[in-house]
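To be precise, the following lines are entry35.tsv, and they hold TSV, C-alpha atoms and all ligand atoms.
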```tsv
chain	number	residue	atom	x	y	z
O	13	MET	CA	0.00	0.00	0.00
O	14	LYS	CA	1.23	3.47	-0.89
O	15	HIS	CA	1.50	6.14	1.83
O	16	ALA	CA	2.29	9.86	1.67
O	17	LEU	CA	4.16	11.96	4.22
O	18	GLU	CA	3.51	15.64	3.61
O	19	ILE	CA	5.41	18.41	5.35
O	20	SER	CA	4.44	22.02	4.82
O	21	SER	CA	4.62	25.52	6.32
O	22	VAL	CA	7.78	24.71	8.27
O	23	ARG	CA	9.15	27.81	9.94
O	24	LEU	CA	11.87	27.89	12.58
O	25	LEU	CA	13.50	30.86	14.27
O	26	PHE	CA	16.24	30.85	16.90
O	27	GLY	CA	16.00	34.34	18.35
O	28	GLU	CA	16.14	36.68	15.35
O	29	ARG	CA	17.72	34.02	13.17
O	30	LEU	CA	15.43	32.45	10.58
O	31	ILE	CA	16.57	28.83	10.05
O	32	LEU	CA	13.64	27.37	8.08
O	33	SER	CA	10.99	29.20	6.12
O	34	ASP	CA	7.97	27.77	4.27
O	35	VAL	CA	9.57	24.38	3.60
O	36	TYR	CA	7.33	21.96	1.68
O	37	LEU	CA	8.18	18.29	1.04
O	38	LYS	CA	6.10	15.33	-0.03
O	39	ILE	CA	7.50	11.81	0.30
O	40	GLU	CA	5.59	8.77	-0.90
O	41	THR	CA	6.24	5.07	-0.45
O	42	GLY	CA	8.98	4.21	-2.92
O	43	ASN	CA	10.57	7.69	-2.79
O	44	ILE	CA	14.10	8.28	-1.55
O	45	MET	CA	14.38	12.03	-1.12
O	46	GLY	CA	17.85	13.50	-0.63
O	47	LEU	CA	18.54	16.68	1.33
O	48	LEU	CA	21.84	18.53	0.99
O	49	GLY	CA	23.06	21.76	2.50
O	50	GLN	CA	25.93	23.62	4.13
O	51	ASN	CA	26.85	22.99	7.77
O	52	GLY	CA	24.34	24.75	9.97
O	53	CYS	CA	21.73	25.37	7.25
O	54	GLY	CA	19.01	23.52	9.18
O	55	LYS	CA	18.90	19.93	7.85
O	56	SER	CA	18.89	18.29	11.29
O	57	CYS	CA	16.46	20.88	12.62
O	58	LEU	CA	14.11	20.08	9.74
O	59	MET	CA	14.27	16.35	10.49
O	60	ARG	CA	13.76	16.91	14.21
O	61	GLY	CA	10.90	19.28	13.43
O	62	ILE	CA	9.20	16.68	11.25
O	63	TYR	CA	9.80	13.98	13.88
O	64	GLY	CA	8.37	16.24	16.57
O	65	THR	CA	11.37	16.41	18.90
O	66	LEU	CA	12.08	20.06	18.02
O	67	ALA	CA	9.31	22.62	18.43
O	68	CYS	CA	8.66	24.67	15.29
O	69	GLU	CA	5.79	25.88	13.14
O	70	LYS	CA	4.88	23.05	10.79
O	71	SER	CA	2.19	20.91	9.30
O	72	VAL	CA	3.03	17.19	9.15
O	73	SER	CA	0.53	14.67	7.81
O	74	ILE	CA	0.57	11.04	6.80
O	75	ASP	CA	-2.22	10.02	4.47
O	76	ASP	CA	-3.99	13.28	5.38
O	77	ILE	CA	-3.91	12.65	9.14
O	78	TYR	CA	-2.06	15.44	10.96
O	79	PHE	CA	0.61	14.81	13.63
O	80	LEU	CA	2.46	17.14	16.02
O	81	ASP	CA	4.53	14.36	17.57
O	82	VAL	CA	5.00	11.64	15.00
O	83	TYR	CA	7.86	10.21	17.11
O	84	LYS	CA	5.13	8.66	19.27
O	85	HIS	CA	4.19	6.47	16.29
O	86	PRO	CA	7.25	4.39	15.37
O	87	GLN	CA	5.15	2.25	13.04
O	88	LEU	CA	4.76	5.42	10.93
O	89	VAL	CA	8.13	7.20	11.19
O	90	ARG	CA	11.58	6.24	12.48
O	91	TYR	CA	14.50	8.65	12.72
O	92	LEU	CA	18.24	8.08	12.75
O	93	PRO	CA	19.73	11.11	14.54
O	94	GLN	CA	23.18	12.43	13.72
O	95	HIS	CA	24.58	11.19	17.02
O	96	ASN	CA	24.57	7.76	18.68
O	97	PHE	CA	21.25	6.99	20.32
O	98	ILE	CA	21.71	3.41	21.55
O	99	PRO	CA	23.23	3.12	25.04
O	100	LYS	CA	26.60	1.37	25.11
O	101	TRP	CA	25.54	-1.23	27.66
O	102	LEU	CA	22.89	-2.85	25.44
O	103	SER	CA	23.74	-6.10	23.67
O	104	LEU	CA	23.14	-6.57	19.95
O	105	LYS	CA	20.72	-9.38	20.79
O	106	HIS	CA	18.68	-7.02	22.98
O	107	ILE	CA	18.68	-4.23	20.36
O	108	PHE	CA	17.69	-6.42	17.42
O	109	ARG	CA	14.94	-8.03	19.51
O	110	ASP	CA	13.55	-4.64	20.64
O	111	PHE	CA	13.49	-3.29	17.08
O	112	ARG	CA	12.16	-6.62	15.73
O	113	VAL	CA	14.96	-6.86	13.17
O	114	ASP	CA	16.56	-10.17	12.21
O	115	PHE	CA	20.16	-10.38	13.45
O	116	THR	CA	21.01	-13.33	11.16
O	117	GLY	CA	20.24	-11.29	8.04
O	118	PHE	CA	22.43	-8.49	9.38
O	119	ALA	CA	25.35	-10.86	10.07
O	120	GLU	CA	25.02	-12.31	6.56
O	121	LEU	CA	25.47	-8.85	5.06
O	122	PHE	CA	28.19	-7.87	7.54
O	123	PRO	CA	30.11	-11.08	8.41
O	124	GLU	CA	32.30	-9.32	10.97
O	125	PHE	CA	29.25	-9.40	13.28
O	126	ARG	CA	28.86	-13.20	13.05
O	127	GLY	CA	28.89	-14.76	16.52
O	128	ARG	CA	28.84	-11.31	18.18
O	129	GLU	CA	25.17	-11.26	19.13
O	130	LYS	CA	26.03	-11.05	22.82
O	131	ALA	CA	28.48	-8.15	22.37
O	132	LYS	CA	27.48	-4.80	23.83
O	133	THR	CA	27.56	-1.76	21.53
O	134	GLY	CA	30.19	-0.23	23.82
O	135	GLU	CA	32.54	-3.04	22.73
O	136	LEU	CA	32.18	-2.09	19.06
O	137	SER	CA	34.18	0.44	17.10
O	138	GLY	CA	32.46	3.80	16.47
O	139	GLY	CA	31.69	2.87	12.87
O	140	MET	CA	30.32	-0.56	13.80
O	141	HIS	CA	28.11	1.00	16.49
O	142	ARG	CA	26.79	3.43	13.87
O	143	LEU	CA	26.22	0.58	11.40
O	144	VAL	CA	24.05	-1.25	13.95
O	145	GLU	CA	21.98	1.89	14.61
O	146	LEU	CA	21.59	2.65	10.93
O	147	TYR	CA	20.62	-0.92	9.99
O	148	ILE	CA	17.97	-1.36	12.69
O	149	ILE	CA	16.35	1.96	11.79
O	150	LEU	CA	16.23	1.33	8.08
O	151	LYS	CA	15.02	-2.28	8.48
O	152	SER	CA	12.41	-1.38	11.13
O	153	ASP	CA	8.78	-1.92	10.30
O	154	SER	CA	7.85	1.71	9.65
O	155	GLN	CA	6.27	3.59	6.75
O	156	PHE	CA	8.82	6.42	6.60
O	157	ILE	CA	12.48	6.64	7.57
O	158	LEU	CA	14.45	9.85	8.25
O	159	LEU	CA	18.23	9.34	8.11
O	160	ASP	CA	20.58	12.07	9.35
O	161	GLU	CA	24.10	11.40	8.01
O	162	PRO	CA	23.79	7.63	7.48
O	163	PHE	CA	26.94	7.36	5.36
O	164	THR	CA	29.27	9.36	7.60
O	165	HIS	CA	31.54	7.13	9.77
O	166	ILE	CA	30.80	4.06	7.61
O	167	SER	CA	33.46	2.57	5.33
O	168	PRO	CA	32.90	2.67	1.53
O	169	VAL	CA	32.36	-1.08	1.20
O	170	HIS	CA	29.75	-1.06	3.97
O	171	ASN	CA	28.13	2.03	2.48
O	172	ASP	CA	27.63	0.13	-0.78
O	173	ILE	CA	25.71	-2.54	1.15
O	174	ILE	CA	23.73	0.15	3.00
O	175	GLU	CA	22.85	1.83	-0.31
O	176	ASN	CA	21.48	-1.47	-1.65
O	177	THR	CA	19.54	-2.05	1.57
O	178	ILE	CA	17.97	1.42	1.32
O	179	LEU	CA	17.00	0.74	-2.30
O	180	SER	CA	15.35	-2.57	-1.44
O	181	GLU	CA	13.60	-1.18	1.68
O	182	ALA	CA	12.24	1.69	-0.44
O	183	GLU	CA	9.94	-0.79	-2.16
O	184	ASN	CA	7.76	-0.52	0.95
O	185	LYS	CA	8.90	2.71	2.60
O	186	GLY	CA	9.63	6.35	1.93
O	187	PHE	CA	12.99	7.88	2.88
O	188	LEU	CA	14.34	11.34	3.63
O	189	ILE	CA	18.14	11.25	3.76
O	190	THR	CA	20.72	13.92	4.46
O	191	ASP	CA	24.49	13.54	4.32
O	192	HIS	CA	27.53	15.50	3.13
O	193	MET	CA	28.56	12.53	0.96
O	194	TYR	CA	26.61	14.29	-1.75
O	195	ARG	CA	27.60	11.93	-4.56
O	196	ARG	CA	26.10	9.00	-2.64
O	197	ILE	CA	23.00	11.07	-1.90
O	198	ARG	CA	22.64	11.92	-5.59
O	199	LYS	CA	23.18	8.26	-6.57
O	200	VAL	CA	20.58	6.81	-4.23
O	201	SER	CA	17.99	9.63	-4.10
O	202	ASP	CA	15.47	11.19	-6.42
O	203	PRO	CA	14.54	13.99	-6.00
O	204	VAL	CA	17.42	15.79	-4.30
O	205	TYR	CA	16.90	19.18	-2.64
O	206	LEU	CA	19.45	21.63	-1.36
O	207	LEU	CA	18.49	23.61	1.73
O	208	SER	CA	19.79	27.15	1.57
O	209	ASN	CA	18.61	30.32	3.30
O	210	GLY	CA	15.85	28.31	4.95
O	211	LYS	CA	14.33	27.14	1.64
O	212	THR	CA	14.58	24.02	-0.51
O	213	HIS	CA	15.98	24.18	-4.05
O	214	LEU	CA	15.60	21.27	-6.45
O	215	VAL	CA	18.96	19.85	-7.58
O	216	LYS	CA	18.90	18.39	-11.07
O	217	GLU	CA	22.58	18.30	-11.92
O	218	GLU	CA	25.97	18.79	-10.27
O	219	GLU	CA	26.20	22.32	-11.70
O	220	ASP	CA	23.20	23.31	-9.52
O	221	LEU	CA	25.33	22.48	-6.46
O	222	ARG	CA	28.04	24.84	-7.72
O	223	VAL	CA	25.56	27.62	-8.47
O	224	LEU	CA	24.07	27.20	-5.00
O	225	ARG	CA	27.64	27.24	-3.58
O	226	TYR	CA	27.39	23.82	-1.92
O	227	VAL	CA	30.44	22.54	-3.81
O	228	PRO	CA	33.38	24.72	-4.91
O	229	ARG	CA	33.53	26.01	-8.46
F	1	LIG	N1	18.79	24.75	20.30
F	1	LIG	C1	19.33	25.64	19.49
F	1	LIG	N2	19.43	26.93	19.82
F	1	LIG	C2	19.95	27.86	18.99
F	1	LIG	N3	20.40	27.57	17.76
F	1	LIG	C3	20.35	26.28	17.37
F	1	LIG	C4	19.80	25.26	18.20
F	1	LIG	N4	19.86	24.08	17.52
F	1	LIG	C5	20.42	24.36	16.33
F	1	LIG	N5	20.72	25.66	16.24
F	1	LIG	C6	21.29	26.35	15.07
F	1	LIG	O1	20.46	26.10	13.97
F	1	LIG	C7	21.23	25.98	12.78
F	1	LIG	C8	20.87	24.71	12.05
F	1	LIG	O2	21.37	23.60	12.78
F	1	LIG	P1	21.31	22.14	12.19
F	1	LIG	O3	21.86	21.22	13.23
F	1	LIG	O4	19.95	21.86	11.69
F	1	LIG	O5	22.32	22.24	10.95
F	1	LIG	P2	22.68	21.15	9.86
F	1	LIG	O6	22.25	21.67	8.53
F	1	LIG	O7	22.16	19.83	10.26
F	1	LIG	O8	24.27	21.20	9.94
F	1	LIG	P3	25.41	20.05	9.81
F	1	LIG	O9	25.52	19.71	8.35
F	1	LIG	O10	26.62	20.75	10.33
F	1	LIG	O11	24.99	18.89	10.67
F	1	LIG	C9	22.69	26.04	13.21
F	1	LIG	O12	23.19	27.31	12.95
F	1	LIG	C10	22.65	25.78	14.69
F	1	LIG	O13	23.68	26.44	15.36
```
Take the structure from the file and write it as structure tokens.
Amino acid sequence: MKHALEISSVRLLFGERLILSDVYLKIETGNIMGLLGQNGCGKSCLMRGIYGTLACEKSVSIDDIYFLDVYKHPQLVRYLPQHNFIPKWLSLKHIFRDFRVDFTGFAELFPEFRGREKAKTGELSGGMHRLVELYIILKSDSQFILLDEPFTHISPVHNDIIENTILSEAENKGFLITDHMYRRIRKVSDPVYLLSNGKTHLVKEEEDLRVLRYVPR
């Protein structure tokens, strides 16, 4: 079944500083929407605003039902924040069970985790910890997935596997992804927007990124 996440009238001010202004996005099942933008332009704030963990003016609906706090409905939306969110004392077994994600499938894709089900995330390297968080979010049973910097901290070979996993999960989900690995974002996403001066600009080709001063000329 196809679902639609619609975000409109997003406006965020910190003091006098306007961070987001009249942002509109529509993500449907099967869409992988990419979001690029300079450091500090408001990408994470936008995701947190949609998710409901940052207060801002907004209208967020899924299939025409409006939500202020969609984070209370993990079957609808899951969010990978920029920073680690799983406590270091939890075992992989515990985490995969809580998120109802199959550990065996994970260990088949990433053989270095084979036999490590009882390991705690605190025993993993930073990148492996991140990989666990990323995988359980994108494999979770949810209609829409927001990923804040999924590719950062992950090695290129693992990122190729993650890219393929996102593509296959997108058969039944909609994604909003932001990362500074803009070539990966452009490869996996369509459409791609660049957030600048609080507004979204559609990116069709690499030259647009130069014109919008995201990449150097
Ligand atoms: N609680 C807050 N109070 C005041 N300003 C804030 C607060 N949270 C974020 N900001 C500011 O809002 C702006 C947008 O922050 P945000 O984290 O969304 O940027 P970003 O686009 O995700 O950047 P990056 O690519 O560096 O992660 C930044 O200038 C940041 O300093």
Please report as JSON lines every residue of chain O lying within 9 Å of ligand LIG 1 (chain F), along with the nearest atom pair and their distance in Å (one decimal), using all atoms listed in the file.
```
{"residue": "O:Leu24", "atom": "CA", "partner": "F:LIG1", "partner_atom": "O1", "distance": 8.9}
{"residue": "O:Leu25", "atom": "CA", "partner": "F:LIG1", "partner_atom": "N3", "distance": 8.4}
{"residue": "O:Phe26", "atom": "CA", "partner": "F:LIG1", "partner_atom": "C2", "distance": 5.2}
{"residue": "O:Gly27", "atom": "CA", "partner": "F:LIG1", "partner_atom": "C2", "distance": 7.6}
{"residue": "O:Arg29", "atom": "CA", "partner": "F:LIG1", "partner_atom": "N3", "distance": 8.4}
{"residue": "O:Leu30", "atom": "CA", "partner": "F:LIG1", "partner_atom": "O1", "distance": 8.8}
{"residue": "O:Ile31", "atom": "CA", "partner": "F:LIG1", "partner_atom": "C7", "distance": 6.1}
{"residue": "O:Leu32", "atom": "CA", "partner": "F:LIG1", "partner_atom": "C8", "distance": 8.7}
{"residue": "O:Leu48", "atom": "CA", "partner": "F:LIG1", "partner_atom": "O6", "distance": 8.2}
{"residue": "O:Gly49", "atom": "CA", "partner": "F:LIG1", "partner_atom": "O6", "distance": 6.1}
{"residue": "O:Gln50", "atom": "CA", "partner": "F:LIG1", "partner_atom": "O9", "distance": 5.8}
{"residue": "O:Asn51", "atom": "CA", "partner": "F:LIG1", "partner_atom": "O10", "distance": 3.4}
{"residue": "O:Gly52", "atom": "CA", "partner": "F:LIG1", "partner_atom": "O5", "distance": 3.4}
{"residue": "O:Cys53", "atom": "CA", "partner": "F:LIG1", "partner_atom": "O6", "distance": 3.9}
{"residue": "O:Gly54", "atom": "CA", "partner": "F:LIG1", "partner_atom": "O4", "distance": 3.2}
{"residue": "O:Lys55", "atom": "CA", "partner": "F:LIG1", "partner_atom": "O6", "distance": 3.8}
{"residue": "O:Ser56", "atom": "CA", "partner": "F:LIG1", "partner_atom": "O4", "distance": 3.7}
{"residue": "O:Cys57", "atom": "CA", "partner": "F:LIG1", "partner_atom": "O4", "distance": 3.7}
{"residue": "O:Leu58", "atom": "CA", "partner": "F:LIG1", "partner_atom": "O4", "distance": 6.4}
{"residue": "O:Met59", "atom": "CA", "partner": "F:LIG1", "partner_atom": "O4", "distance": 8.0}
{"residue": "O:Arg60", "atom": "CA", "partner": "F:LIG1", "partner_atom": "O4", "distance": 8.3}
{"residue": "O:Leu66", "atom": "CA", "partner": "F:LIG1", "partner_atom": "N1", "distance": 8.5}
{"residue": "O:Gln94", "atom": "CA", "partner": "F:LIG1", "partner_atom": "O11", "distance": 7.4}
{"residue": "O:Asp160", "atom": "CA", "partner": "F:LIG1", "partner_atom": "O7", "distance": 8.0}
{"residue": "O:Glu161", "atom": "CA", "partner": "F:LIG1", "partner_atom": "O11", "distance": 8.0}
{"residue": "O:Thr190", "atom": "CA", "partner": "F:LIG1", "partner_atom": "O7", "distance": 8.4}
{"residue": "O:Asp191", "atom": "CA", "partner": "F:LIG1", "partner_atom": "O9", "distance": 7.4}
{"residue": "O:His192", "atom": "CA", "partner": "F:LIG1", "partner_atom": "O9", "distance": 7.0}
{"residue": "O:Leu207", "atom": "CA", "partner": "F:LIG1", "partner_atom": "O6", "distance": 8.0}
```
Note to self: Between atom CA of Leu80 of chain O and atom CA of Lys14 of chain O, what distance in Å does the model show, to one decimal?
What the structure shows: 21.8 Å
Notebook entry, point to check: Hey, what's within 12 Å of Glu219 of chain O if we count all atoms listed in the file and toss same-chain stuff fewer than 6 positions away? As a list in words, please?
Noted result: Arg225, Tyr226, Val227, Pro228 and Arg229 of chain O
Next item on the list: Show which residues sit within 8 Å of segment 144-157 of chain O, as number ranges by chain. Count all atoms listed in the file, and ignore same-chain residues fewer than 6 positions away.
Entry: O: 15, 17, 41, 86-92, 96-98, 108, 111-113, 118, 174, 178, 181, 184-188
Next item on the list: Show which residues sit within 12 Å of His170 of chain O, as a ChimeraX atom specification. Count all atoms listed in the file, and ignore same-chain residues fewer than 2 positions away.
Entry: /O:118,121-124,139-140,142-144,146-147,162-168,172-177
Item checked: Computed interatomic separation between atom CA of Arg222 of chain O and atom CA of Ser33 of chain O (Å) -> 22.4 Å
Note to self: One decimal, in Å: what's the spacing between atom CA of Ile77 of chain O and atom CA of Ser20 of chain O?
What the structure shows: 13.3 Å
Margin query: I need every residue sitting at most 12 Å from the point (25.5, -13.7, 22.7) (coordinates as in the file, all atoms listed in the file considered), written as number ranges by chain.
Written below: O: 102-108, 115, 125-132
Check: Closest to Thr212 of chain O among O:Tyr36, O:Phe79, O:Tyr194, O:Tyr63, using all atoms listed in the file?
Finding: O:Tyr36
Next item on the list: Rank nothing, just name the residue among O:Leu206, O:Val22, O:Ala16, O:Val169 nearest to Glu40 of chain O, using only C-alpha atoms.
Entry: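 Using only C-alpha atoms, Glu40 of chain O sits closest to O:Ala16.
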What box, with edges along x, y and z, holds each listed atom of segment 145-157 of chain O when 5 Å is added on every side, and can you state its centre and edge lengths in Å to one decimal, as JSON?
```
{"center_x": 14.1, "center_y": 2.2, "center_z": 10.6, "size_x": 25.7, "size_y": 18.9, "size_z": 18.0}
```
Starting from the sparse input, extend segment 159-190 of chain O to N, CA and C atoms and give the output as an mmCIF file, in the frame of the given file.
```
data_model
loop_
_atom_site.group_PDB
_atom_site.id
_atom_site.type_symbol
_atom_site.label_atom_id
_atom_site.label_comp_id
_atom_site.auth_asym_id
_atom_site.auth_seq_id
_atom_site.Cartn_x
_atom_site.Cartn_y
_atom_site.Cartn_z
ATOM 1 N N LEU O 159 16.844 9.711 7.794
ATOM 2 C CA LEU O 159 18.230 9.340 8.110
ATOM 3 C C LEU O 159 19.116 10.576 8.089
ATOM 4 N N ASP O 160 19.685 10.911 9.246
ATOM 5 C CA ASP O 160 20.580 12.070 9.350
ATOM 6 C C ASP O 160 22.030 11.568 9.330
ATOM 7 N N GLU O 161 22.713 11.803 8.239
ATOM 8 C CA GLU O 161 24.100 11.400 8.010
ATOM 9 C C GLU O 161 24.333 9.893 8.162
ATOM 10 N N PRO O 162 23.603 9.091 7.381
ATOM 11 C CA PRO O 162 23.790 7.630 7.480
ATOM 12 C C PRO O 162 25.141 7.159 6.969
ATOM 13 N N PHE O 163 25.724 7.868 5.998
ATOM 14 C CA PHE O 163 26.940 7.360 5.360
ATOM 15 C C PHE O 163 28.224 7.793 6.069
ATOM 16 N N THR O 164 28.094 8.852 6.879
ATOM 17 C CA THR O 164 29.270 9.360 7.600
ATOM 18 C C THR O 164 29.685 8.309 8.638
ATOM 19 N N HIS O 165 30.963 8.098 8.804
ATOM 20 C CA HIS O 165 31.540 7.130 9.770
ATOM 21 C C HIS O 165 31.500 5.687 9.284
ATOM 22 N N ILE O 166 30.908 5.435 8.105
ATOM 23 C CA ILE O 166 30.800 4.060 7.610
ATOM 24 C C ILE O 166 31.773 3.904 6.436
ATOM 25 N N SER O 167 32.461 2.768 6.385
ATOM 26 C CA SER O 167 33.460 2.570 5.330
ATOM 27 C C SER O 167 32.789 2.417 3.958
ATOM 28 N N PRO O 168 33.521 2.720 2.869
ATOM 29 C CA PRO O 168 32.900 2.670 1.530
ATOM 30 C C PRO O 168 32.262 1.323 1.197
ATOM 31 N N VAL O 169 32.922 0.230 1.555
ATOM 32 C CA VAL O 169 32.360 -1.080 1.200
ATOM 33 C C VAL O 169 31.050 -1.325 1.957
ATOM 34 N N HIS O 170 30.995 -0.923 3.203
ATOM 35 C CA HIS O 170 29.750 -1.060 3.970
ATOM 36 C C HIS O 170 28.683 -0.114 3.445
ATOM 37 N N ASN O 171 29.110 1.078 3.019
ATOM 38 C CA ASN O 171 28.130 2.030 2.480
ATOM 39 C C ASN O 171 27.478 1.505 1.200
ATOM 40 N N ASP O 172 28.241 0.734 0.417
ATOM 41 C CA ASP O 172 27.630 0.130 -0.780
ATOM 42 C C ASP O 172 26.504 -0.819 -0.375
ATOM 43 N N ILE O 173 26.745 -1.592 0.679
ATOM 44 C CA ILE O 173 25.710 -2.540 1.150
ATOM 45 C C ILE O 173 24.515 -1.757 1.704
ATOM 46 N N ILE O 174 24.815 -0.681 2.442
ATOM 47 C CA ILE O 174 23.730 0.150 3.000
ATOM 48 C C ILE O 174 22.892 0.757 1.868
ATOM 49 N N GLU O 175 23.573 1.262 0.846
ATOM 50 C CA GLU O 175 22.850 1.830 -0.310
ATOM 51 C C GLU O 175 21.870 0.811 -0.895
ATOM 52 N N ASN O 176 22.350 -0.426 -1.096
ATOM 53 C CA ASN O 176 21.480 -1.470 -1.650
ATOM 54 C C ASN O 176 20.325 -1.787 -0.717
ATOM 55 N N THR O 177 20.608 -1.763 0.585
ATOM 56 C CA THR O 177 19.540 -2.050 1.570
ATOM 57 C C THR O 177 18.490 -0.941 1.517
ATOM 58 N N ILE O 178 18.933 0.305 1.424
ATOM 59 C CA ILE O 178 17.970 1.420 1.320
ATOM 60 C C ILE O 178 17.107 1.233 0.071
ATOM 61 N N LEU O 179 17.754 0.905 -1.048
ATOM 62 C CA LEU O 179 17.000 0.740 -2.300
ATOM 63 C C LEU O 179 15.965 -0.375 -2.181
ATOM 64 N N SER O 180 16.330 -1.487 -1.542
ATOM 65 C CA SER O 180 15.350 -2.570 -1.440
ATOM 66 C C SER O 180 14.257 -2.233 -0.413
ATOM 67 N N GLU O 181 14.615 -1.557 0.686
ATOM 68 C CA GLU O 181 13.600 -1.180 1.680
ATOM 69 C C GLU O 181 12.617 -0.154 1.103
ATOM 70 N N ALA O 182 13.093 0.645 0.142
ATOM 71 C CA ALA O 182 12.240 1.690 -0.440
ATOM 72 C C ALA O 182 11.095 1.105 -1.273
ATOM 73 N N GLU O 183 11.108 -0.200 -1.480
ATOM 74 C CA GLU O 183 9.940 -0.790 -2.160
ATOM 75 C C GLU O 183 8.687 -0.645 -1.293
ATOM 76 N N ASN O 184 8.901 -0.595 0.034
ATOM 77 C CA ASN O 184 7.760 -0.520 0.950
ATOM 78 C C ASN O 184 7.789 0.689 1.882
ATOM 79 N N LYS O 185 8.756 1.581 1.681
ATOM 80 C CA LYS O 185 8.900 2.710 2.600
ATOM 81 C C LYS O 185 9.230 3.975 1.831
ATOM 82 N N GLY O 186 9.133 5.105 2.501
ATOM 83 C CA GLY O 186 9.630 6.350 1.930
ATOM 84 C C GLY O 186 10.780 6.840 2.796
ATOM 85 N N PHE O 187 11.789 7.449 2.153
ATOM 86 C CA PHE O 187 12.990 7.880 2.880
ATOM 87 C C PHE O 187 13.243 9.375 2.680
ATOM 88 N N LEU O 188 13.734 10.012 3.740
ATOM 89 C CA LEU O 188 14.340 11.340 3.630
ATOM 90 C C LEU O 188 15.754 11.193 4.197
ATOM 91 N N ILE O 189 16.752 11.503 3.370
ATOM 92 C CA ILE O 189 18.140 11.250 3.760
ATOM 93 C C ILE O 189 18.970 12.517 3.593
ATOM 94 N N THR O 190 19.757 12.836 4.613
ATOM 95 C CA THR O 190 20.720 13.920 4.460
ATOM 96 C C THR O 190 22.117 13.438 4.811
#
```
